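A.B. asks: See work02.cif below, with mmCIF, N, CA and C atoms and all ligand atoms.
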```
data_run
#
loop_
_atom_site.label_atom_id
_atom_site.label_comp_id
_atom_site.auth_asym_id
_atom_site.auth_seq_id
_atom_site.Cartn_x
_atom_site.Cartn_y
_atom_site.Cartn_z
N MET A 1493 74.64 1.90 80.25
CA MET A 1493 75.73 1.92 81.24
C MET A 1493 75.18 1.86 82.67
N LYS A 1494 74.09 2.63 82.91
CA LYS A 1494 73.48 2.63 84.23
C LYS A 1494 73.01 1.22 84.60
N GLN A 1495 72.46 0.52 83.61
CA GLN A 1495 71.98 -0.85 83.81
C GLN A 1495 73.15 -1.79 84.18
N ALA A 1496 74.28 -1.61 83.51
CA ALA A 1496 75.46 -2.44 83.76
C ALA A 1496 75.97 -2.21 85.19
N ILE A 1497 76.02 -0.95 85.61
CA ILE A 1497 76.49 -0.64 86.97
C ILE A 1497 75.58 -1.29 88.00
N LYS A 1498 74.27 -1.24 87.75
CA LYS A 1498 73.31 -1.87 88.67
C LYS A 1498 73.59 -3.38 88.77
N LYS A 1499 73.87 -4.00 87.62
CA LYS A 1499 74.16 -5.45 87.62
C LYS A 1499 75.46 -5.75 88.37
N TYR A 1500 76.48 -4.91 88.17
CA TYR A 1500 77.75 -5.12 88.89
C TYR A 1500 77.52 -5.04 90.40
N LYS A 1501 76.74 -4.04 90.81
CA LYS A 1501 76.48 -3.85 92.23
C LYS A 1501 75.72 -5.05 92.80
N GLU A 1502 74.73 -5.54 92.04
CA GLU A 1502 73.97 -6.71 92.49
C GLU A 1502 74.87 -7.93 92.61
N ALA A 1503 75.80 -8.08 91.65
CA ALA A 1503 76.72 -9.23 91.68
C ALA A 1503 77.64 -9.13 92.91
N LEU A 1504 78.11 -7.92 93.21
CA LEU A 1504 78.96 -7.73 94.39
C LEU A 1504 78.20 -8.04 95.67
N GLU A 1505 76.95 -7.57 95.73
CA GLU A 1505 76.14 -7.85 96.92
C GLU A 1505 75.92 -9.34 97.10
N GLU A 1506 75.66 -10.05 96.00
CA GLU A 1506 75.50 -11.50 96.07
C GLU A 1506 76.75 -12.16 96.62
N MET A 1507 77.91 -11.70 96.13
CA MET A 1507 79.18 -12.27 96.59
C MET A 1507 79.36 -12.03 98.09
N VAL A 1508 79.06 -10.80 98.51
CA VAL A 1508 79.22 -10.45 99.92
C VAL A 1508 78.28 -11.29 100.79
N TRP A 1509 77.03 -11.47 100.36
CA TRP A 1509 76.09 -12.25 101.16
C TRP A 1509 76.51 -13.72 101.22
N GLN A 1510 77.11 -14.21 100.13
CA GLN A 1510 77.51 -15.62 100.11
C GLN A 1510 78.80 -15.87 100.89
N PHE A 1511 79.75 -14.95 100.80
CA PHE A 1511 81.08 -15.21 101.39
C PHE A 1511 81.41 -14.38 102.62
N GLY A 1512 80.63 -13.34 102.89
CA GLY A 1512 80.91 -12.52 104.06
C GLY A 1512 80.70 -13.32 105.34
N TYR A 1513 81.37 -12.89 106.40
CA TYR A 1513 81.26 -13.57 107.68
C TYR A 1513 80.12 -12.96 108.48
N ARG A 1514 79.30 -13.82 109.07
CA ARG A 1514 78.17 -13.34 109.87
C ARG A 1514 78.54 -13.43 111.34
N GLY A 1515 78.02 -12.52 112.12
CA GLY A 1515 78.30 -12.52 113.55
C GLY A 1515 77.45 -11.50 114.25
N THR A 1516 77.89 -11.09 115.44
CA THR A 1516 77.18 -10.05 116.19
C THR A 1516 78.21 -9.08 116.74
N LYS A 1517 77.79 -7.84 116.90
CA LYS A 1517 78.61 -6.82 117.55
C LYS A 1517 77.65 -5.83 118.19
N ASN A 1518 77.95 -5.42 119.42
CA ASN A 1518 77.07 -4.51 120.15
C ASN A 1518 75.62 -5.01 120.15
N ASN A 1519 75.47 -6.33 120.31
CA ASN A 1519 74.15 -6.97 120.35
C ASN A 1519 73.32 -6.71 119.09
N GLN A 1520 73.99 -6.65 117.95
CA GLN A 1520 73.30 -6.50 116.66
C GLN A 1520 73.92 -7.49 115.67
N PRO A 1521 73.10 -8.03 114.77
CA PRO A 1521 73.68 -8.91 113.75
C PRO A 1521 74.56 -8.10 112.79
N ILE A 1522 75.66 -8.71 112.36
CA ILE A 1522 76.57 -8.04 111.42
C ILE A 1522 76.99 -9.01 110.31
N ILE A 1523 77.48 -8.42 109.22
CA ILE A 1523 78.23 -9.16 108.22
C ILE A 1523 79.54 -8.39 108.07
N TRP A 1524 80.66 -9.11 107.98
CA TRP A 1524 81.96 -8.44 107.91
C TRP A 1524 82.90 -9.18 106.99
N THR A 1525 84.03 -8.56 106.67
CA THR A 1525 84.93 -9.08 105.65
C THR A 1525 85.84 -10.19 106.15
N GLY A 1526 86.04 -10.28 107.46
CA GLY A 1526 86.99 -11.25 107.99
C GLY A 1526 88.42 -10.93 107.56
N GLY A 1527 88.64 -9.70 107.09
CA GLY A 1527 89.98 -9.29 106.66
C GLY A 1527 90.35 -9.78 105.27
N LEU A 1528 89.38 -10.36 104.55
CA LEU A 1528 89.68 -10.84 103.19
C LEU A 1528 89.66 -9.66 102.23
N SER A 1529 90.75 -9.48 101.49
CA SER A 1529 90.88 -8.27 100.67
C SER A 1529 89.81 -8.17 99.57
N ALA A 1530 89.39 -9.29 99.00
CA ALA A 1530 88.35 -9.23 97.96
C ALA A 1530 87.04 -8.71 98.56
N LEU A 1531 86.73 -9.16 99.78
CA LEU A 1531 85.51 -8.67 100.43
C LEU A 1531 85.67 -7.21 100.86
N GLU A 1532 86.88 -6.85 101.30
CA GLU A 1532 87.12 -5.44 101.68
C GLU A 1532 86.87 -4.53 100.48
N SER A 1533 87.34 -4.94 99.30
CA SER A 1533 87.10 -4.14 98.09
C SER A 1533 85.62 -4.07 97.78
N ALA A 1534 84.92 -5.20 97.91
CA ALA A 1534 83.49 -5.22 97.63
C ALA A 1534 82.73 -4.32 98.60
N PHE A 1535 83.06 -4.39 99.89
CA PHE A 1535 82.41 -3.53 100.89
C PHE A 1535 82.64 -2.07 100.54
N GLU A 1536 83.86 -1.75 100.12
CA GLU A 1536 84.19 -0.35 99.78
C GLU A 1536 83.33 0.14 98.62
N VAL A 1537 83.23 -0.69 97.57
CA VAL A 1537 82.43 -0.31 96.40
C VAL A 1537 80.96 -0.15 96.78
N LEU A 1538 80.48 -1.03 97.66
CA LEU A 1538 79.08 -0.97 98.09
C LEU A 1538 78.81 0.17 99.07
N GLY A 1539 79.91 0.76 99.59
CA GLY A 1539 79.75 1.85 100.56
C GLY A 1539 79.36 1.33 101.94
N TRP A 1540 79.73 0.08 102.22
CA TRP A 1540 79.39 -0.52 103.51
C TRP A 1540 80.55 -0.36 104.48
N ASP A 1541 80.22 -0.09 105.76
CA ASP A 1541 81.23 -0.13 106.81
C ASP A 1541 81.58 -1.60 107.07
N ASP A 1542 82.75 -1.83 107.68
CA ASP A 1542 83.17 -3.18 108.04
C ASP A 1542 83.40 -3.20 109.55
N PRO A 1543 82.51 -3.78 110.36
CA PRO A 1543 81.37 -4.60 109.96
C PRO A 1543 80.18 -3.76 109.47
N HIS A 1544 79.34 -4.41 108.71
CA HIS A 1544 78.10 -3.82 108.22
C HIS A 1544 76.98 -4.33 109.13
N TYR A 1545 76.32 -3.40 109.84
CA TYR A 1545 75.25 -3.80 110.75
C TYR A 1545 74.00 -4.21 109.98
N LEU A 1546 73.36 -5.27 110.47
CA LEU A 1546 72.13 -5.78 109.86
C LEU A 1546 70.97 -5.55 110.83
N PRO A 1547 69.76 -5.48 110.31
CA PRO A 1547 68.62 -5.29 111.21
C PRO A 1547 68.29 -6.58 111.97
N ASP A 1548 67.69 -6.44 113.16
CA ASP A 1548 67.14 -7.60 113.88
C ASP A 1548 65.80 -7.86 113.21
N ALA A 1549 65.86 -8.51 112.03
CA ALA A 1549 64.67 -8.71 111.21
C ALA A 1549 64.76 -10.04 110.49
N GLU A 1550 63.64 -10.46 109.92
CA GLU A 1550 63.57 -11.75 109.24
C GLU A 1550 64.67 -11.89 108.19
N GLY A 1551 65.37 -13.02 108.23
CA GLY A 1551 66.40 -13.30 107.24
C GLY A 1551 67.79 -12.87 107.67
N TYR A 1552 67.90 -12.19 108.80
CA TYR A 1552 69.21 -11.68 109.21
C TYR A 1552 69.75 -12.33 110.48
N CYS A 1553 68.90 -12.99 111.27
CA CYS A 1553 69.37 -13.58 112.52
C CYS A 1553 68.39 -14.62 113.04
N CYS A 1554 68.79 -15.25 114.12
CA CYS A 1554 67.99 -16.29 114.79
C CYS A 1554 66.60 -15.75 115.12
N GLU A 1555 65.62 -16.65 115.11
CA GLU A 1555 64.23 -16.22 115.32
C GLU A 1555 63.74 -16.42 116.76
N ILE A 1556 64.67 -16.71 117.68
CA ILE A 1556 64.30 -16.80 119.09
C ILE A 1556 64.42 -15.41 119.71
N GLN A 1557 63.40 -15.06 120.48
CA GLN A 1557 63.32 -13.74 121.12
C GLN A 1557 64.62 -13.42 121.86
N GLY A 1558 65.19 -12.24 121.60
CA GLY A 1558 66.39 -11.80 122.30
C GLY A 1558 67.70 -12.32 121.74
N CYS A 1559 67.65 -13.14 120.69
CA CYS A 1559 68.88 -13.70 120.11
C CYS A 1559 69.15 -13.03 118.76
N VAL A 1560 70.36 -12.52 118.57
CA VAL A 1560 70.73 -11.88 117.30
C VAL A 1560 71.88 -12.62 116.61
N GLU A 1561 72.14 -13.86 117.08
CA GLU A 1561 73.19 -14.66 116.43
C GLU A 1561 72.77 -15.00 114.99
N PRO A 1562 73.76 -15.23 114.12
CA PRO A 1562 73.42 -15.60 112.74
C PRO A 1562 72.58 -16.88 112.69
N ASP A 1563 71.59 -16.92 111.79
CA ASP A 1563 70.81 -18.14 111.62
C ASP A 1563 71.61 -19.09 110.75
N THR A 1564 71.74 -20.32 111.23
CA THR A 1564 72.55 -21.30 110.52
C THR A 1564 71.75 -22.50 110.04
N SER A 1565 70.52 -22.66 110.53
CA SER A 1565 69.72 -23.80 110.07
C SER A 1565 68.23 -23.51 110.23
N GLY A 1566 67.45 -24.28 109.50
CA GLY A 1566 66.00 -24.19 109.60
C GLY A 1566 65.47 -25.49 110.18
N LEU A 1567 64.75 -25.40 111.29
CA LEU A 1567 64.29 -26.61 111.98
C LEU A 1567 62.85 -26.44 112.45
N HIS A 1568 62.17 -27.56 112.62
CA HIS A 1568 60.84 -27.54 113.21
C HIS A 1568 60.98 -27.67 114.73
N TRP A 1569 60.32 -26.76 115.45
CA TRP A 1569 60.38 -26.76 116.91
C TRP A 1569 59.02 -26.36 117.43
N ASP A 1570 58.41 -27.23 118.20
CA ASP A 1570 57.07 -27.00 118.75
C ASP A 1570 56.07 -26.57 117.67
N GLY A 1571 56.12 -27.23 116.51
CA GLY A 1571 55.13 -26.98 115.46
C GLY A 1571 55.43 -25.80 114.56
N LEU A 1572 56.54 -25.10 114.81
CA LEU A 1572 56.92 -23.96 113.96
C LEU A 1572 58.19 -24.30 113.19
N TYR A 1573 58.27 -23.81 111.94
CA TYR A 1573 59.53 -23.92 111.20
C TYR A 1573 60.30 -22.64 111.47
N LEU A 1574 61.50 -22.76 112.07
CA LEU A 1574 62.25 -21.58 112.50
C LEU A 1574 63.67 -21.58 111.97
N ARG A 1575 64.18 -20.39 111.66
CA ARG A 1575 65.59 -20.19 111.32
C ARG A 1575 66.30 -19.98 112.66
N LEU A 1576 67.28 -20.84 112.96
CA LEU A 1576 67.90 -20.82 114.28
C LEU A 1576 69.42 -20.69 114.20
N CYS A 1577 70.00 -20.10 115.25
CA CYS A 1577 71.46 -20.06 115.41
C CYS A 1577 71.91 -21.46 115.86
N SER A 1578 73.22 -21.67 115.92
CA SER A 1578 73.72 -23.00 116.28
C SER A 1578 73.35 -23.38 117.72
N LYS A 1579 73.34 -22.41 118.65
CA LYS A 1579 73.00 -22.72 120.04
C LYS A 1579 71.54 -23.15 120.15
N HIS A 1580 70.64 -22.39 119.52
CA HIS A 1580 69.22 -22.75 119.62
C HIS A 1580 68.90 -24.00 118.81
N ALA A 1581 69.62 -24.24 117.71
CA ALA A 1581 69.43 -25.48 116.96
C ALA A 1581 69.83 -26.67 117.85
N ALA A 1582 70.91 -26.52 118.62
CA ALA A 1582 71.34 -27.59 119.53
C ALA A 1582 70.28 -27.84 120.60
N ASP A 1583 69.69 -26.76 121.15
CA ASP A 1583 68.61 -26.91 122.14
C ASP A 1583 67.42 -27.64 121.53
N CYS A 1584 67.11 -27.31 120.27
CA CYS A 1584 66.00 -27.96 119.57
C CYS A 1584 66.28 -29.45 119.42
N PHE A 1585 67.50 -29.79 119.00
CA PHE A 1585 67.87 -31.21 118.83
C PHE A 1585 67.79 -31.98 120.14
N LYS A 1586 68.04 -31.27 121.26
CA LYS A 1586 67.99 -31.92 122.59
C LYS A 1586 66.56 -31.95 123.14
N ASP A 1587 65.57 -31.56 122.30
CA ASP A 1587 64.16 -31.54 122.71
C ASP A 1587 63.89 -30.65 123.92
N ARG A 1588 64.68 -29.60 124.05
CA ARG A 1588 64.41 -28.63 125.11
C ARG A 1588 63.17 -27.83 124.72
N PRO A 1589 62.46 -27.23 125.70
CA PRO A 1589 61.28 -26.43 125.35
C PRO A 1589 61.68 -25.23 124.49
N CYS A 1590 60.85 -24.90 123.52
CA CYS A 1590 61.12 -23.77 122.63
C CYS A 1590 60.90 -22.46 123.38
N PRO A 1591 61.93 -21.59 123.43
CA PRO A 1591 61.73 -20.27 124.07
C PRO A 1591 60.78 -19.41 123.24
N SER A 1592 60.49 -18.21 123.71
CA SER A 1592 59.63 -17.30 122.96
C SER A 1592 60.22 -17.01 121.59
N VAL A 1593 59.36 -16.96 120.59
CA VAL A 1593 59.76 -16.77 119.20
C VAL A 1593 59.45 -15.33 118.79
N LYS A 1594 60.30 -14.77 117.93
CA LYS A 1594 60.08 -13.39 117.46
C LYS A 1594 58.77 -13.30 116.68
N GLN A 1595 58.12 -12.13 116.78
CA GLN A 1595 56.78 -11.95 116.21
C GLN A 1595 56.75 -12.20 114.70
N TRP A 1596 57.80 -11.80 113.96
CA TRP A 1596 57.75 -11.97 112.51
C TRP A 1596 57.67 -13.46 112.14
N ALA A 1597 58.32 -14.32 112.94
CA ALA A 1597 58.29 -15.75 112.66
C ALA A 1597 56.90 -16.33 112.97
N ILE A 1598 56.30 -15.84 114.06
CA ILE A 1598 54.94 -16.28 114.41
C ILE A 1598 53.98 -15.88 113.29
N ASP A 1599 54.09 -14.63 112.83
CA ASP A 1599 53.21 -14.12 111.76
C ASP A 1599 53.40 -14.93 110.48
N ARG A 1600 54.66 -15.22 110.12
CA ARG A 1600 54.94 -16.00 108.90
C ARG A 1600 54.36 -17.39 109.00
N GLU A 1601 54.59 -18.06 110.14
CA GLU A 1601 54.14 -19.44 110.30
C GLU A 1601 52.61 -19.54 110.31
N ALA A 1602 51.94 -18.46 110.76
CA ALA A 1602 50.47 -18.45 110.76
C ALA A 1602 49.92 -18.46 109.34
N LYS A 1603 50.74 -18.03 108.36
CA LYS A 1603 50.30 -17.97 106.96
C LYS A 1603 50.53 -19.30 106.24
N ARG A 1604 51.23 -20.24 106.88
CA ARG A 1604 51.56 -21.51 106.24
C ARG A 1604 50.30 -22.35 106.00
N ASP A 1605 50.19 -22.92 104.82
CA ASP A 1605 49.05 -23.78 104.50
C ASP A 1605 49.06 -24.98 105.45
N PRO A 1606 47.91 -25.25 106.13
CA PRO A 1606 47.90 -26.34 107.11
C PRO A 1606 48.12 -27.72 106.49
N VAL A 1607 47.80 -27.89 105.22
CA VAL A 1607 47.95 -29.20 104.58
C VAL A 1607 49.32 -29.34 103.90
N THR A 1608 49.63 -28.39 103.01
CA THR A 1608 50.88 -28.51 102.24
C THR A 1608 52.08 -27.99 103.02
N ARG A 1609 51.84 -27.19 104.07
CA ARG A 1609 52.89 -26.54 104.89
C ARG A 1609 53.68 -25.51 104.08
N ARG A 1610 53.16 -25.15 102.89
CA ARG A 1610 53.84 -24.12 102.09
C ARG A 1610 53.37 -22.73 102.51
N LEU A 1611 54.26 -21.76 102.27
CA LEU A 1611 53.89 -20.37 102.49
C LEU A 1611 53.23 -19.85 101.23
N PRO A 1612 52.33 -18.86 101.34
CA PRO A 1612 51.71 -18.32 100.14
C PRO A 1612 52.77 -17.82 99.15
N GLY A 1613 52.63 -18.18 97.88
CA GLY A 1613 53.58 -17.75 96.86
C GLY A 1613 54.84 -18.57 96.80
N SER A 1614 54.99 -19.57 97.69
CA SER A 1614 56.19 -20.41 97.70
C SER A 1614 55.95 -21.66 96.87
N HIS A 1615 56.98 -22.08 96.15
CA HIS A 1615 56.84 -23.26 95.30
C HIS A 1615 57.60 -24.46 95.86
N SER A 1616 58.26 -24.27 97.00
CA SER A 1616 59.02 -25.40 97.54
C SER A 1616 58.38 -25.92 98.82
ZN ZN B 1701 69.55 -18.13 118.66
#
```
If you took the structure in this file and wrote it as structure tokens, what would it be?
C.D. replies:
Amino acid sequence: MKQAIKKYKEALEEMVWQFGYRGTKNNQPIIWTGGLSALESAFEVLGWDDPHYLPDAEGYCCEIQGCVEPDTSGLHWDGLYLRLCSKHAADCFKDRPCPSVKQWAIDREAKRDPVTRRLPGSHS
């Protein structure tokens, strides 16, 4: 039974990550229900506030220093592969200079194989 509950919780979290709305509040990345009752029920079961605050950390927001907008695309900019918000992705497409990048992205990119461009342990 304990195993089943763990699986249900994991399934709910997957649903929330896939369908929840991403944004910012109080200069922090958030995920929220958007008022959708199915997501409200899922947040309640998970014990999450609505909005649920996310860390300013890898995988949760744009990788440009000082930006906490949701990351919407992955692009190459000045030799780095970066997860970017829509505003910074637009700047990248316009060939604007790349602003300062968050340290975790610099550290990750330094581990990329110079020939295959893969990260250690990555198969894609
Ligand atoms: Zn950004």
A.B. asks: Which one of A:Leu1538, A:Ala1582, A:Met1493, A:Val1508 sits closest to Ile1523 of chain A if you count only N, CA and C atoms?
C.D. replies: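 Between A:Leu1538, A:Ala1582, A:Met1493, A:Val1508, the residue approaching Ile1523 of chain A most closely is A:Val1508.
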A.B. asks: At a cut-off of 9 Å around ligand ZN 1701 (chain B), and using only C-alpha atoms and all ligand atoms, what residues come up? Please write them as a PyMOL selection string.
C.D. replies: chain A and resi 1553-1563+1575-1581
A.B. asks: Please identify all polymer residues within 6.5 Å of Tyr1545 of chain A, counting all atoms listed in the file, omitting same-chain residues fewer than 6 positions from it, and present them as a PDB file with N, CA and C atoms, keeping the file's coordinate frame.
C.D. replies:
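As written to disk, part_18.pdb reads:
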```pdb
ATOM      1  N   GLN A1520      73.990  -6.650 117.950  1.00  0.00           N
ATOM      2  CA  GLN A1520      73.300  -6.500 116.660  1.00  0.00           C
ATOM      3  C   GLN A1520      73.920  -7.490 115.670  1.00  0.00           C
ATOM      4  N   PRO A1521      73.100  -8.030 114.770  1.00  0.00           N
ATOM      5  CA  PRO A1521      73.680  -8.910 113.750  1.00  0.00           C
ATOM      6  C   PRO A1521      74.560  -8.100 112.790  1.00  0.00           C
ATOM      7  N   ILE A1522      75.660  -8.710 112.360  1.00  0.00           N
ATOM      8  CA  ILE A1522      76.570  -8.040 111.420  1.00  0.00           C
ATOM      9  C   ILE A1522      76.990  -9.010 110.310  1.00  0.00           C
ATOM     10  N   ILE A1523      77.480  -8.420 109.220  1.00  0.00           N
ATOM     11  CA  ILE A1523      78.230  -9.160 108.220  1.00  0.00           C
ATOM     12  C   ILE A1523      79.540  -8.390 108.070  1.00  0.00           C
TER      13      ILE A1523
END
```
A.B. asks: Could you pull out all residues of chain A with a DSSP call of strand (DSSP E) and give them as an NGL selection string?
C.D. replies: :A and (1513-1517 or 1520-1524 or 1544-1545 or 1565-1569 or 1572-1576)
A.B. asks: Using only C-alpha atoms, pick whichever of A:Lys1586, A:Arg1610, A:Lys1494, A:Arg1514 has the shortest atom-to-atom distance to Tyr1552 of chain A.
C.D. replies: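 Once distances to Tyr1552 of chain A are computed over only C-alpha atoms, the minimum belongs to A:Arg1514.
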A.B. asks: If you measure from atom CA of Gly1515 of chain A to atom C of Leu1574 of chain A, what distance in Å do you get, rounded to one decimal?
C.D. replies: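 According to the coordinates, atom CA of Gly1515 of chain A and atom C of Leu1574 of chain A are separated by 17.3 Å.
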A.B. asks: Could you work out how far atom CA of Gly1551 of chain A lies from atom CA of Cys1584 of chain A, giving the answer in Å with one decimal?
C.D. replies: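 Atom-to-atom, atom CA of Cys1584 of chain A and atom CA of Gly1551 of chain A are spaced 19.2 Å apart.
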A.B. asks: May I have the residues at most 6.5 Å from (57.3, -25.9, 121.8) in the file's coordinates, counting only N, CA and C atoms, as a list of chain:residue names?
C.D. replies: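 Protein, DNA and RNA residues close to (57.3, -25.9, 121.8): A:Trp1569, A:Asp1570, A:Gly1571, A:Pro1589, A:Cys1590.
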A.B. asks: Do a neighbour search on Lys1603 of chain A at 7 Å with only C-alpha atoms, toss out local chain neighbours closer than 4 positions, and write the hits as a list in words.
C.D. replies: Asp1599, Leu1611 and Pro1612 of chain A
A.B. asks: Using DSSP on the backbone coordinates, identify all residues within chain A classified as helix (DSSP H, G or I); present the result as a PyMOL selection string.
C.D. replies: chain A and resi 1494-1511+1529-1538+1578-1585+1595-1602
A.B. asks: Looking at all atoms listed in the file, which of A:Phe1511, A:Pro1543, A:Lys1499, A:Asn1518 is the one that sits closest to Leu1531 of chain A?
C.D. replies: A:Phe1511
A.B. asks: Have a look at atom N of Arg1604 of chain A and atom N of Leu1572 of chain A and let me know their distance in Å, one decimal.
C.D. replies: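 Computed distance, atom N of Arg1604 of chain A to atom N of Leu1572 of chain A, equals 10.7 Å.
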A.B. asks: Nearest to Trp1509 of chain A among A:Thr1525, A:Ser1533, A:Gln1595, A:Thr1564, with distances taken over only C-alpha atoms: which residue is it?
C.D. replies: A:Thr1525
